$ cat run_20.csv   # CSV, C-alpha atoms
chain,number,residue,atom,x,y,z
A,1,MET,CA,73.7,169.4,159.8
A,2,GLN,CA,71.0,171.7,158.4
A,3,VAL,CA,72.3,174.6,156.4
A,4,THR,CA,69.3,176.8,157.2
A,5,GLY,CA,70.6,180.1,158.6
A,6,LYS,CA,74.2,179.1,158.1
A,7,ILE,CA,77.1,180.7,156.2
A,8,VAL,CA,78.5,178.3,153.6
A,9,VAL,CA,81.5,178.6,151.3
A,10,VAL,CA,81.8,176.6,148.1
A,11,THR,CA,85.0,176.5,146.1
A,12,GLY,CA,84.7,175.8,142.4
A,13,GLY,CA,81.2,177.2,142.7
A,14,ALA,CA,80.9,178.8,139.2
A,15,ARG,CA,79.8,175.7,137.4
A,16,GLY,CA,79.1,172.0,137.6
A,17,ILE,CA,78.7,170.3,141.0
A,18,GLY,CA,79.8,173.5,142.8
A,19,LYS,CA,77.2,175.6,141.1
A,20,ALA,CA,74.5,173.1,141.9
A,21,LEU,CA,75.7,173.0,145.6
A,22,CYS,CA,75.4,176.8,145.8
A,23,GLU,CA,71.9,176.7,144.4
A,24,ALA,CA,70.8,173.9,146.7
A,25,PHE,CA,72.2,175.6,149.8
A,26,ALA,CA,70.5,178.8,148.9
A,27,ALA,CA,67.2,177.0,148.4
A,28,ALA,CA,67.7,175.2,151.7
A,29,GLY,CA,67.8,178.6,153.5
A,30,ALA,CA,71.5,179.3,154.0
A,31,ALA,CA,72.1,182.7,155.4
A,32,LYS,CA,74.8,183.4,152.9
A,33,VAL,CA,76.4,181.3,150.2
A,34,VAL,CA,79.9,182.4,149.2
A,35,VAL,CA,80.8,181.3,145.7
A,36,ALA,CA,84.6,181.1,145.3
A,37,ASP,CA,86.1,180.3,141.9
A,38,LEU,CA,89.0,181.1,139.7
A,39,ASP,CA,86.4,182.2,137.1
A,40,GLU,CA,85.4,185.5,138.9
A,41,ALA,CA,82.7,186.4,136.4
A,42,GLY,CA,81.1,182.9,136.7
A,43,ALA,CA,81.2,183.1,140.4
A,44,LYS,CA,79.5,186.5,140.4
A,45,ALA,CA,76.8,185.3,138.0
A,46,VAL,CA,76.0,182.4,140.3
A,47,ALA,CA,76.1,184.6,143.4
A,48,GLU,CA,73.8,187.1,141.9
A,49,SER,CA,71.3,184.4,140.9
A,50,ILE,CA,71.0,183.2,144.5
A,51,GLY,CA,71.6,186.3,146.6
A,52,GLY,CA,75.1,185.2,147.6
A,53,ALA,CA,78.6,186.6,147.5
A,54,ALA,CA,81.5,185.9,145.2
A,55,PHE,CA,85.3,185.8,145.5
A,56,LYS,CA,87.9,185.1,143.0
A,57,CYS,CA,89.9,182.1,144.4
A,58,ASP,CA,92.7,179.9,143.0
A,59,VAL,CA,92.6,177.0,145.4
A,60,SER,CA,96.1,176.0,144.3
A,61,GLN,CA,97.3,179.0,146.4
A,62,GLU,CA,97.1,178.9,150.2
A,63,ALA,CA,96.9,182.7,150.3
A,64,ASP,CA,93.7,182.7,148.2
A,65,ILE,CA,92.0,180.2,150.5
A,66,SER,CA,93.0,182.1,153.6
A,67,ARG,CA,91.7,185.3,152.1
A,68,VAL,CA,88.3,183.8,151.2
A,69,ILE,CA,88.0,182.5,154.8
A,70,GLU,CA,89.1,185.8,156.4
A,71,GLU,CA,86.9,188.0,154.1
A,72,THR,CA,83.8,185.7,154.5
A,73,GLU,CA,84.1,185.8,158.3
A,74,ARG,CA,84.7,189.6,158.3
A,75,GLN,CA,81.9,190.5,156.0
A,76,PHE,CA,79.2,187.9,156.8
A,77,GLY,CA,80.1,186.0,160.0
A,78,PRO,CA,81.3,182.6,161.1
A,79,ILE,CA,81.6,179.9,158.4
A,80,ALA,CA,79.6,176.9,159.4
A,81,LEU,CA,80.2,174.7,156.3
A,82,PHE,CA,83.3,174.9,154.0
A,83,CYS,CA,82.9,173.0,150.8
A,84,SER,CA,86.3,172.3,149.3
A,85,ASN,CA,84.9,171.4,145.9
A,86,ALA,CA,87.2,172.7,143.2
A,87,GLY,CA,88.9,170.1,141.0
A,88,ILE,CA,90.5,169.4,137.7
A,89,GLY,CA,90.5,166.6,135.2
A,90,GLY,CA,94.2,166.8,134.4
A,91,GLY,CA,96.7,164.1,133.4
A,92,PHE,CA,94.4,161.9,131.4
A,93,ASP,CA,96.2,159.9,128.7
A,94,PRO,CA,94.8,156.5,127.9
A,95,LEU,CA,97.7,155.8,125.5
A,96,SER,CA,100.5,156.7,128.0
A,97,VAL,CA,103.4,154.3,127.8
A,98,ASN,CA,104.6,155.1,131.3
A,99,VAL,CA,102.4,155.7,134.3
A,100,GLY,CA,105.0,158.1,135.7
A,101,GLY,CA,104.4,160.4,132.8
A,102,THR,CA,107.0,162.7,131.3
A,103,SER,CA,106.4,165.9,133.3
A,104,ASP,CA,105.9,166.9,136.9
A,105,GLU,CA,103.3,169.5,136.0
A,106,PRO,CA,100.1,167.4,136.0
A,107,TRP,CA,101.3,165.8,139.3
A,108,SER,CA,102.1,169.1,141.0
A,109,ARG,CA,98.9,170.8,139.8
A,110,SER,CA,96.7,167.9,140.8
A,111,TRP,CA,98.4,167.7,144.2
A,112,ALA,CA,97.8,171.3,144.9
A,113,ILE,CA,94.2,171.4,143.9
A,114,HIS,CA,93.0,167.9,145.0
A,115,VAL,CA,95.0,167.6,148.2
A,116,MET,CA,96.7,170.8,149.5
A,117,ALA,CA,93.5,172.8,149.0
A,118,HIS,CA,91.8,170.6,151.6
A,119,VAL,CA,94.8,170.9,153.8
A,120,TRP,CA,94.9,174.7,153.6
A,121,ALA,CA,91.2,175.0,154.3
A,122,ALA,CA,91.7,172.9,157.4
A,123,ARG,CA,94.8,174.8,158.4
A,124,HIS,CA,92.9,178.1,158.5
A,125,LEU,CA,89.5,176.9,159.7
A,126,VAL,CA,90.2,174.3,162.3
A,127,PRO,CA,91.4,176.9,164.9
A,128,LEU,CA,88.2,178.9,164.2
A,129,TYR,CA,86.0,175.9,164.5
A,130,LYS,CA,87.7,174.8,167.7
A,131,ALA,CA,87.3,178.2,169.3
A,132,ARG,CA,83.5,178.3,168.6
A,133,GLY,CA,82.8,174.7,169.4
A,134,GLY,CA,82.6,173.0,166.0
A,135,GLY,CA,82.1,173.3,162.3
A,136,TYR,CA,81.8,171.2,159.1
A,137,PHE,CA,83.9,170.4,156.1
A,138,LEU,CA,82.5,168.9,152.9
A,139,ASN,CA,85.3,167.7,150.6
A,140,THR,CA,84.4,166.8,147.0
A,141,ILE,CA,86.7,164.0,146.0
A,142,SER,CA,85.5,161.3,143.6
A,143,ALA,CA,84.8,157.6,143.4
A,144,ALA,CA,88.4,157.5,141.9
A,145,GLY,CA,89.6,158.1,145.5
A,146,LEU,CA,87.9,154.9,146.6
A,147,LEU,CA,88.5,152.8,143.5
A,148,SER,CA,90.9,154.2,140.9
A,149,GLN,CA,91.0,156.1,137.6
A,150,VAL,CA,92.0,154.3,134.5
A,151,GLY,CA,93.9,156.7,132.2
A,152,SER,CA,95.1,159.2,134.8
A,153,ALA,CA,97.6,158.2,137.6
A,154,PRO,CA,97.8,161.9,138.8
A,155,TYR,CA,94.0,162.1,139.2
A,156,SER,CA,93.7,158.7,140.9
A,157,THR,CA,96.7,159.2,143.2
A,158,THR,CA,95.7,162.6,144.4
A,159,LYS,CA,92.1,161.6,145.0
A,160,HIS,CA,93.2,158.7,147.1
A,161,ALA,CA,95.4,161.1,149.1
A,162,ALA,CA,92.4,163.4,149.6
A,163,VAL,CA,90.4,160.5,151.1
A,164,GLY,CA,93.3,159.8,153.5
A,165,PHE,CA,93.4,163.4,154.6
A,166,ALA,CA,89.7,163.6,155.1
A,167,GLU,CA,89.8,160.5,157.3
A,168,ASN,CA,92.6,162.0,159.4
A,169,LEU,CA,90.6,165.3,159.7
A,170,ALA,CA,87.6,163.5,160.9
A,171,ILE,CA,89.5,161.3,163.3
A,172,SER,CA,91.8,164.0,164.8
A,173,HIS,CA,89.0,166.5,165.4
A,174,LYS,CA,86.0,164.4,166.3
A,175,ALA,CA,86.5,165.5,169.9
A,176,ASP,CA,86.4,169.1,168.7
A,177,ASN,CA,82.9,168.6,167.2
A,178,ILE,CA,84.3,169.1,163.7
A,179,LYS,CA,82.4,167.1,161.2
A,180,VAL,CA,83.6,165.9,157.8
A,181,SER,CA,81.9,164.5,154.8
A,182,ILE,CA,83.4,163.4,151.5
A,183,LEU,CA,81.5,163.5,148.3
A,184,CYS,CA,82.6,160.6,146.0
A,185,PRO,CA,80.5,160.5,142.8
A,186,GLN,CA,81.3,158.7,139.6
A,187,GLY,CA,80.2,160.3,136.3
A,188,VAL,CA,78.5,163.7,136.7
A,189,ASP,CA,77.3,165.6,133.6
A,190,THR,CA,79.7,168.5,133.9
A,191,ASP,CA,82.2,170.3,131.6
A,192,MET,CA,85.0,168.3,133.3
A,193,LEU,CA,83.5,164.9,132.5
A,194,ARG,CA,82.9,166.0,128.9
A,195,SER,CA,86.5,167.2,128.6
A,196,ILE,CA,88.2,163.9,129.5
A,197,PRO,CA,88.4,160.6,127.6
A,198,LYS,CA,85.5,158.2,128.3
A,199,GLY,CA,86.3,155.5,130.8
A,200,PRO,CA,84.6,153.3,133.4
A,201,GLN,CA,83.2,156.4,135.1
A,202,SER,CA,81.2,157.3,131.9
A,203,GLY,CA,78.0,155.6,131.0
A,204,ASP,CA,77.5,154.0,134.5
A,205,GLY,CA,74.6,156.1,135.5
A,206,ASP,CA,75.9,159.6,134.9
A,207,LEU,CA,74.0,162.0,137.2
A,208,ALA,CA,73.0,165.6,136.8
A,209,PRO,CA,74.8,168.0,139.2
A,210,GLU,CA,71.5,169.0,140.7
A,211,GLN,CA,70.9,165.4,141.8
A,212,VAL,CA,74.3,165.2,143.4
A,213,ALA,CA,73.6,168.4,145.3
A,214,GLN,CA,70.4,166.9,146.7
A,215,ASP,CA,72.4,163.8,147.8
A,216,VAL,CA,74.7,166.2,149.6
A,217,ILE,CA,71.8,167.9,151.4
A,218,LYS,CA,70.7,164.5,152.6
A,219,GLY,CA,74.2,163.3,153.5
A,220,LEU,CA,74.8,166.5,155.5
A,221,ALA,CA,71.5,166.1,157.4
A,222,GLU,CA,72.6,162.6,158.3
A,223,GLU,CA,76.2,163.7,159.0
A,224,SER,CA,77.5,160.8,156.9
A,225,PHE,CA,81.2,160.7,156.3
A,226,LEU,CA,80.8,159.1,152.9
A,227,ILE,CA,78.3,160.5,150.5
A,228,LEU,CA,77.9,158.2,147.5
A,229,PRO,CA,75.5,159.6,144.8
A,230,HIS,CA,76.2,156.4,142.8
A,231,PRO,CA,75.2,153.5,145.2
A,232,GLN,CA,76.9,151.0,142.9
A,233,VAL,CA,80.2,152.4,144.0
A,234,LEU,CA,79.8,150.6,147.4
A,235,GLY,CA,79.5,147.3,145.6
A,236,TYR,CA,82.7,148.1,143.6
A,237,MET,CA,84.5,148.9,146.8
A,238,ARG,CA,83.5,145.6,148.3
A,239,LYS,CA,84.6,143.7,145.2
A,240,LYS,CA,88.0,145.5,145.3
A,241,THR,CA,88.6,144.6,149.0
A,242,GLU,CA,87.3,141.0,148.7
A,243,ASN,CA,89.7,140.1,146.0
A,244,TYR,CA,92.3,142.8,145.2
A,245,ASP,CA,94.1,140.7,142.5
A,246,ARG,CA,90.9,139.9,140.6
A,247,TRP,CA,89.9,143.6,140.8
A,248,LEU,CA,93.2,144.7,139.5
A,249,GLY,CA,92.9,142.2,136.6
A,250,GLY,CA,89.5,143.6,135.7
A,251,MET,CA,90.8,147.2,135.7
A,252,ALA,CA,93.7,146.1,133.5
A,253,LYS,CA,91.2,144.8,131.0
A,254,ILE,CA,89.4,148.1,131.0
A,255,GLN,CA,92.7,149.8,130.4
A,256,ALA,CA,93.5,147.5,127.5
A,257,ARG,CA,90.1,148.2,125.9
A,258,MET,CA,90.6,152.0,126.3
A,259,ARG,CA,94.0,151.8,124.6
A,260,GLU,CA,92.6,149.8,121.8
A,261,GLU,CA,89.7,152.2,121.3
A,262,PHE,CA,91.8,155.4,121.5
A,263,GLY,CA,94.6,153.8,119.5
A,264,THR,CA,92.4,153.5,116.5
$ encode --input "run_20.csv" --output "structure tokens"
Amino acid sequence: MQVTGKIVVVTGGARGIGKALCEAFAAAGAAKVVVADLDEAGAKAVAESIGGAAFKCDVSQEADISRVIEETERQFGPIALFCSNAGIGGGFDPLSVNVGGTSDEPWSRSWAIHVMAHVWAARHLVPLYKARGGGYFLNTISAAGLLSQVGSAPYSTTKHAAVGFAENLAISHKADNIKVSILCPQGVDTDMLRSIPKGPQSGDGDLAPEQVAQDVIKGLAEESFLILPHPQVLGYMRKKTENYDRWLGGMAKIQARMREEFGT
């Protein structure tokens, strides 16, 4: 897919990877880039800098996603690419004594933002895409959805679920000419990465958001389902599946080192 002349929506577009995606799509000649974010002022600032449009959007609310889709199509025309990019770094606790946690809040919030936001985007866009012969979803997930996330069961679990939904979206609607890509980076130099405890995702080739956005442009052009800005993740995936028990043991050692570091 080439974004030139296309209408693109990016959730979580006010900063980080989302902002870099908006800028890259605009530079690639998108007809209109819609910046959707809970931070309305931030979304407007990005939109103004690229000649785009901005909407306030809380992706944990289906009504907000539906409204962004409806208003974008009403004001600018058919959405060709919907980037479900918004995410949070919640539930990180390297010293947790129980992986189940003590509250449902980090689980429910992560589930809404990391899983249901993708579901709701599909719920409202798939009928439109089918009616006009196709469309594209880009879902920003994480290498945590392919591997795991030491220190945050909610993050890891919901990112795994997001991969599963994207796979089903691609399988179920391939015949409808609906394309799907998932973006699964490791460490990216964003506010979110800096806000969470350092783990195996940190210091393993942290990338600038702009580099990740360029990898997305390339991945969309190739219509690749899996976009891996960190190529080493493919090797980690192979090691995981080749010997799951050994991989789990290695991750447990990382967990132990993190607990020792943060415990002091």
$ residues_around --input "run_20.csv" --residues "segment 92-109 of chain A" --least-positions-apart "5" --cutoff "10 Å" --atoms "only C-alpha atoms" --output "list in words"
Ser60, His114, Val115, Met116, Gln149, Val150, Gly151, Ser152, Ala153, Pro154, Tyr155, Thr157, Thr158, Ser195, Ile196, Pro197, Lys198, Gly199, Gln255, Ala256, Arg257, Met258, Arg259, Glu260, Glu261, Phe262 and Gly263 of chain A
$ write_last_selection --input "run_20.csv" --atoms "C-alpha atoms" --output "mmCIF file, in the frame of the given file"
data_model
loop_
_atom_site.group_PDB
_atom_site.id
_atom_site.type_symbol
_atom_site.label_atom_id
_atom_site.label_comp_id
_atom_site.auth_asym_id
_atom_site.auth_seq_id
_atom_site.Cartn_x
_atom_site.Cartn_y
_atom_site.Cartn_z
ATOM 1 C CA SER A 60 96.100 176.000 144.300
ATOM 2 C CA HIS A 114 93.000 167.900 145.000
ATOM 3 C CA VAL A 115 95.000 167.600 148.200
ATOM 4 C CA MET A 116 96.700 170.800 149.500
ATOM 5 C CA GLN A 149 91.000 156.100 137.600
ATOM 6 C CA VAL A 150 92.000 154.300 134.500
ATOM 7 C CA GLY A 151 93.900 156.700 132.200
ATOM 8 C CA SER A 152 95.100 159.200 134.800
ATOM 9 C CA ALA A 153 97.600 158.200 137.600
ATOM 10 C CA PRO A 154 97.800 161.900 138.800
ATOM 11 C CA TYR A 155 94.000 162.100 139.200
ATOM 12 C CA THR A 157 96.700 159.200 143.200
ATOM 13 C CA THR A 158 95.700 162.600 144.400
ATOM 14 C CA SER A 195 86.500 167.200 128.600
ATOM 15 C CA ILE A 196 88.200 163.900 129.500
ATOM 16 C CA PRO A 197 88.400 160.600 127.600
ATOM 17 C CA LYS A 198 85.500 158.200 128.300
ATOM 18 C CA GLY A 199 86.300 155.500 130.800
ATOM 19 C CA GLN A 255 92.700 149.800 130.400
ATOM 20 C CA ALA A 256 93.500 147.500 127.500
ATOM 21 C CA ARG A 257 90.100 148.200 125.900
ATOM 22 C CA MET A 258 90.600 152.000 126.300
ATOM 23 C CA ARG A 259 94.000 151.800 124.600
ATOM 24 C CA GLU A 260 92.600 149.800 121.800
ATOM 25 C CA GLU A 261 89.700 152.200 121.300
ATOM 26 C CA PHE A 262 91.800 155.400 121.500
ATOM 27 C CA GLY A 263 94.600 153.800 119.500
#
$ atom_distance --input "run_20.csv" --atom1 "atom CA of Gly13 of chain A" --atom2 "atom CA of Gly133 of chain A"
26.9 Å
$ atom_distance --input "run_20.csv" --atom1 "atom CA of Ala20 of chain A" --atom2 "atom CA of Thr140 of chain A"
12.8 Å
$ atom_distance --input "run_20.csv" --atom1 "atom CA of Thr72 of chain A" --atom2 "atom CA of Val8 of chain A"
9.1 Å
$ closest_residue --input "run_20.csv" --among "A:Ser148, A:Ser142, A:Asp206, A:Val33" --to "Leu81 of chain A" --atoms "all atoms listed in the file"
A:Val33
$ closest_residue --input "run_20.csv" --among "A:Ile227, A:Leu138, A:Ile7, A:Ile50" --to "Arg74 of chain A" --atoms "all atoms listed in the file"
A:Ile7
$ closest_residue --input "run_20.csv" --among "A:Val126, A:Ile88, A:Ile178, A:Ala28" --to "Ser156 of chain A" --atoms "all atoms listed in the file"
A:Ile88
$ closest_residue --input "run_20.csv" --among "A:Lys174, A:Lys6, A:His230, A:His118" --to "Ala143 of chain A" --atoms "only C-alpha atoms"
A:His230
$ residues_around --input "run_20.csv" --residues "Cys83 of chain A" --least-positions-apart "2" --cutoff "9 Å" --atoms "only C-alpha atoms" --output "PyMOL selection string"
chain A and resi 8-11+18+21+81+85-86+136-140
$ residues_around --input "run_20.csv" --residues "segment 65-71 of chain A" --least-positions-apart "6" --cutoff "10 Å" --atoms "all atoms listed in the file" --output "list in words"
Val9, Thr11, Val34, Val35, Ala36, Ala54, Phe55, Lys56, Cys57, Asp58, Val59, Gly77, Pro78, Ile79, Phe82, Ser84, Ala117, His118, Trp120, Ala121, Arg123, His124 and Leu125 of chain A
$ residues_around --input "run_20.csv" --residues "Ala26 of chain A" --least-positions-apart "3" --cutoff "9 Å" --atoms "all atoms listed in the file" --output "list in words"
Val3, Thr4, Leu21, Cys22, Glu23, Gly29, Ala30, Ala31, Lys32, Val33, Ile50, Gly51 and Gly52 of chain A
$ closest_residue --input "run_20.csv" --among "A:Ile171, A:Leu38, A:Leu207, A:Leu228" --to "Ile113 of chain A" --atoms "all atoms listed in the file"
A:Leu38
$ closest_residue --input "run_20.csv" --among "A:Val233, A:Ile17, A:Ala175, A:Met1" --to "Asp189 of chain A" --atoms "all atoms listed in the file"
A:Ile17
